[in-house]
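Notes follow the structure.
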Amino acid sequence: MIEVSRIDDIHTFYEHLSILEQKVKGKRLLSNCNGRMGWPNKGVYFFFKNGEFRRSGNGMRVVRVGTHAVSANSKTTLWDRLRMHRGNLSGEYKYGGNHRGSIFRLHVGTAIIRKECFHVPTWGVGSSAKREISELEYLIEKKVSDHICSMPFLWLEVDDCVGINSMRKYIEKNSIGLLSNYGVSDLIDPPSKNWLGNYCPNDYIRRSGLWNVDHVDKSYDHNFLVTISNYIDNICISRT
């Protein structure tokens with residue numbers, strides 16, 4: 001039996017995403033998205049970042065993998081999760097958002113605060129915020145929205161059951177495990193020196209090269225690549 005290396009699996013992973021990109025007619029930006037674009041109810045998403053390029057291949061590298069509603073009784077849709085990451089397009093806090101409802105926004109904001117030397121002691125504190133706190137955090141929320149909305153992303157429909165046997169969770173955790181450089185000696189596609197995540201105080205994010213904390217220190221199941229491929233093969237037409 002021939003042993004397949006991690007770098008071979010990473011090449012295969014990006015080959016699958018390239019096919020996915022063709023099937024959905026390209027990456028999208030959250031700044032251009034709304035809930036009327038035919039999103040699947042359930043799925044996995046893959047965010048890239050301009051300026052973050054693969055060293056082991058061509059194109060941008062994935063910097064975050066995520067899904068939604070994998071615990072029992074959770075009913076959040078794929079678009080619900082993406083919209084929370086995007087932030088607000090209107091209202092009193094236009095172009096801001098709620099980092100208390102998005103761990104992605106939380107970590108990006110923490111890195112911005114550290115990089116730009118802001119003093120926002122309330123950031124990430126509590127599950128809700130009073131008006132005066134929201135006003136204090138508004139500038140950072142806008143900067144977070146700007147950053148995340150500039151990140152092209154792909155999405156893969158995975159219509160599975162919620163719970164411990166969730167295929168979305170299986171794909172998410174194994175994609176993260178494959179891409180993560182946390183605790184490994186053979187760094188593959190490490191972040192550039194300009195990657196914002198380098199300023200994040202969370203060690204998992206800095207060392208993994210991903211805007212993820214869960215699963216970055218875990219191994220991956222090589223067979224998940226077959227699962228991704230099968231779901232991509234089942235995409236018949238692009239959603240518009």
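Lettering and numbering for the structure tokens are positional, with chains as A, B, ... in the shown order, residues counted from 1 in each chain, and ligands counted from 1 in the shown order.
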*Just the residues within 9 Å of Asp203 (chain A), please, counting only C-alpha atoms, with nothing from its chain fewer than 3 positions along; format it as number ranges by chain.*
A: 182, 200, 206-208, 213
Serialized selection, N, CA and C atoms, as a PDB file, in the first residue's frame:
ATOM      1  N   TYR A 182      -0.410  23.809  12.684  1.00  0.00           N
ATOM      2  CA  TYR A 182      -0.186  23.814  14.129  1.00  0.00           C
ATOM      3  C   TYR A 182       0.520  22.530  14.558  1.00  0.00           C
ATOM      4  N   CYS A 200      -3.031  37.920  15.950  1.00  0.00           N
ATOM      5  CA  CYS A 200      -4.035  37.397  16.865  1.00  0.00           C
ATOM      6  C   CYS A 200      -3.360  36.800  18.101  1.00  0.00           C
ATOM      7  N   ARG A 206      -2.416  31.756  15.158  1.00  0.00           N
ATOM      8  CA  ARG A 206      -1.095  32.149  14.648  1.00  0.00           C
ATOM      9  C   ARG A 206      -0.328  30.960  14.094  1.00  0.00           C
ATOM     10  N   ARG A 207      -0.311  29.863  14.825  1.00  0.00           N
ATOM     11  CA  ARG A 207       0.519  28.723  14.439  1.00  0.00           C
ATOM     12  C   ARG A 207      -0.128  27.833  13.378  1.00  0.00           C
ATOM     13  N   SER A 208      -1.444  27.855  13.294  1.00  0.00           N
ATOM     14  CA  SER A 208      -2.118  27.034  12.279  1.00  0.00           C
ATOM     15  C   SER A 208      -2.146  27.720  10.923  1.00  0.00           C
ATOM     16  N   VAL A 213      -9.907  27.707  15.458  1.00  0.00           N
ATOM     17  CA  VAL A 213      -9.337  27.251  16.725  1.00  0.00           C
ATOM     18  C   VAL A 213      -9.615  25.760  16.920  1.00  0.00           C
TER      19      VAL A 213
END
_Need the shell around Pro201 (chain A): protein/DNA/RNA residues with any atom at most 10 Å away, counting only C-alpha atoms. Skip same-chain ones fewer than 5 positions apart. Format as a PyMOL selection string?_
chain A and resi 107+110-111+114+206
Store the residues picked out above, limited to C-alpha atoms, as a PDB file, in the first residue's frame.
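Final file, again-v5.pdb:
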ATOM      1  CA  HIS A 107     -10.786  36.734  16.274  1.00  0.00           C
ATOM      2  CA  THR A 110      -8.869  40.918  18.260  1.00  0.00           C
ATOM      3  CA  ALA A 111      -6.069  40.861  15.677  1.00  0.00           C
ATOM      4  CA  ARG A 114      -3.620  44.332  18.566  1.00  0.00           C
ATOM      5  CA  ARG A 206      -1.095  32.149  14.648  1.00  0.00           C
TER       6      ARG A 206
END
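Nearest residue to His99 (chain A), choosing from A:Ile235, A:Val144, A:Val24, A:Val120 and counting only C-alpha atoms: A:Val144.
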_Using DSSP assignments from the backbone, pull out every residue in region 1-171 of chain A that falls under alpha helix (DSSP H) and give it to me as a PyMOL selection string._
chain A and resi 6-23+78-86+103-115+131-149+167-171
_As an exercise, work out the distance from CA of Gly209 (chain A) to CA of Leu187 (chain A) in Å and give it to one decimal place._
9.8 Å
Output as a short mmCIF file (atom, residue, chain, number, x, y, z; two decimals) with N, CA and C atoms, in the first residue's frame all residues of chain A that backbone DSSP marks as strand (DSSP E).
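Output (selection-v9.cif):
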data_model
loop_
_atom_site.label_atom_id
_atom_site.label_comp_id
_atom_site.auth_asym_id
_atom_site.auth_seq_id
_atom_site.Cartn_x
_atom_site.Cartn_y
_atom_site.Cartn_z
N GLY A 43 -24.47 23.66 4.47
CA GLY A 43 -23.23 23.59 3.70
C GLY A 43 -21.99 23.87 4.52
N VAL A 44 -20.87 23.80 3.84
CA VAL A 44 -19.55 24.11 4.41
C VAL A 44 -18.98 25.24 3.57
N TYR A 45 -18.29 26.20 4.20
CA TYR A 45 -17.72 27.31 3.45
C TYR A 45 -16.20 27.36 3.64
N PHE A 46 -15.54 27.93 2.62
CA PHE A 46 -14.08 28.01 2.58
C PHE A 46 -13.69 29.44 2.20
N PHE A 47 -13.10 30.18 3.13
CA PHE A 47 -12.66 31.55 2.86
C PHE A 47 -11.19 31.57 2.45
N PHE A 48 -10.90 32.40 1.45
CA PHE A 48 -9.54 32.66 0.98
C PHE A 48 -9.20 34.11 1.35
N LYS A 49 -7.96 34.51 1.09
CA LYS A 49 -7.57 35.91 1.33
C LYS A 49 -6.63 36.37 0.24
N ASN A 50 -6.98 37.48 -0.40
CA ASN A 50 -6.08 38.07 -1.38
C ASN A 50 -4.74 38.39 -0.73
N GLY A 51 -3.68 38.03 -1.39
CA GLY A 51 -2.34 38.25 -0.83
C GLY A 51 -1.80 37.07 -0.06
N GLU A 52 -2.67 36.09 0.23
CA GLU A 52 -2.24 34.86 0.89
C GLU A 52 -2.20 33.74 -0.15
N PHE A 53 -1.00 33.47 -0.63
CA PHE A 53 -0.85 32.51 -1.72
C PHE A 53 -0.25 31.20 -1.23
N MET A 60 -4.71 31.31 -4.28
CA MET A 60 -4.82 31.71 -2.87
C MET A 60 -5.01 30.48 -1.99
N ARG A 61 -4.58 30.62 -0.76
CA ARG A 61 -4.77 29.54 0.20
C ARG A 61 -6.04 29.77 1.01
N VAL A 62 -6.66 28.71 1.47
CA VAL A 62 -7.81 28.79 2.37
C VAL A 62 -7.33 29.26 3.74
N VAL A 63 -8.04 30.24 4.32
CA VAL A 63 -7.64 30.75 5.63
C VAL A 63 -8.71 30.53 6.70
N ARG A 64 -9.88 30.06 6.29
CA ARG A 64 -10.90 29.66 7.26
C ARG A 64 -11.85 28.66 6.63
N VAL A 65 -12.21 27.65 7.43
CA VAL A 65 -13.22 26.67 7.05
C VAL A 65 -14.29 26.70 8.12
N GLY A 66 -15.55 26.62 7.71
CA GLY A 66 -16.61 26.64 8.71
C GLY A 66 -17.89 26.00 8.23
N PHE A 153 -14.85 33.58 -1.12
CA PHE A 153 -15.17 32.30 -0.50
C PHE A 153 -15.93 31.40 -1.45
N LEU A 154 -15.85 30.11 -1.17
CA LEU A 154 -16.62 29.08 -1.84
C LEU A 154 -17.51 28.39 -0.82
N TRP A 155 -18.55 27.76 -1.30
CA TRP A 155 -19.46 27.03 -0.42
C TRP A 155 -19.82 25.71 -1.08
N LEU A 156 -19.99 24.71 -0.26
CA LEU A 156 -20.33 23.38 -0.73
C LEU A 156 -21.61 22.91 -0.06
N GLU A 157 -22.61 22.61 -0.85
CA GLU A 157 -23.86 22.11 -0.29
C GLU A 157 -23.67 20.71 0.27
#
*Would you list the contacts of Pro121 (chain A) as an MDAnalysis selection string, taking every protein, DNA or RNA residue within 12 Å and counting only C-alpha atoms, but skipping same-chain residues closer than 2 positions in sequence?*
chainID A and resid 110 113:114 117:119 123:126 133 136:137 140
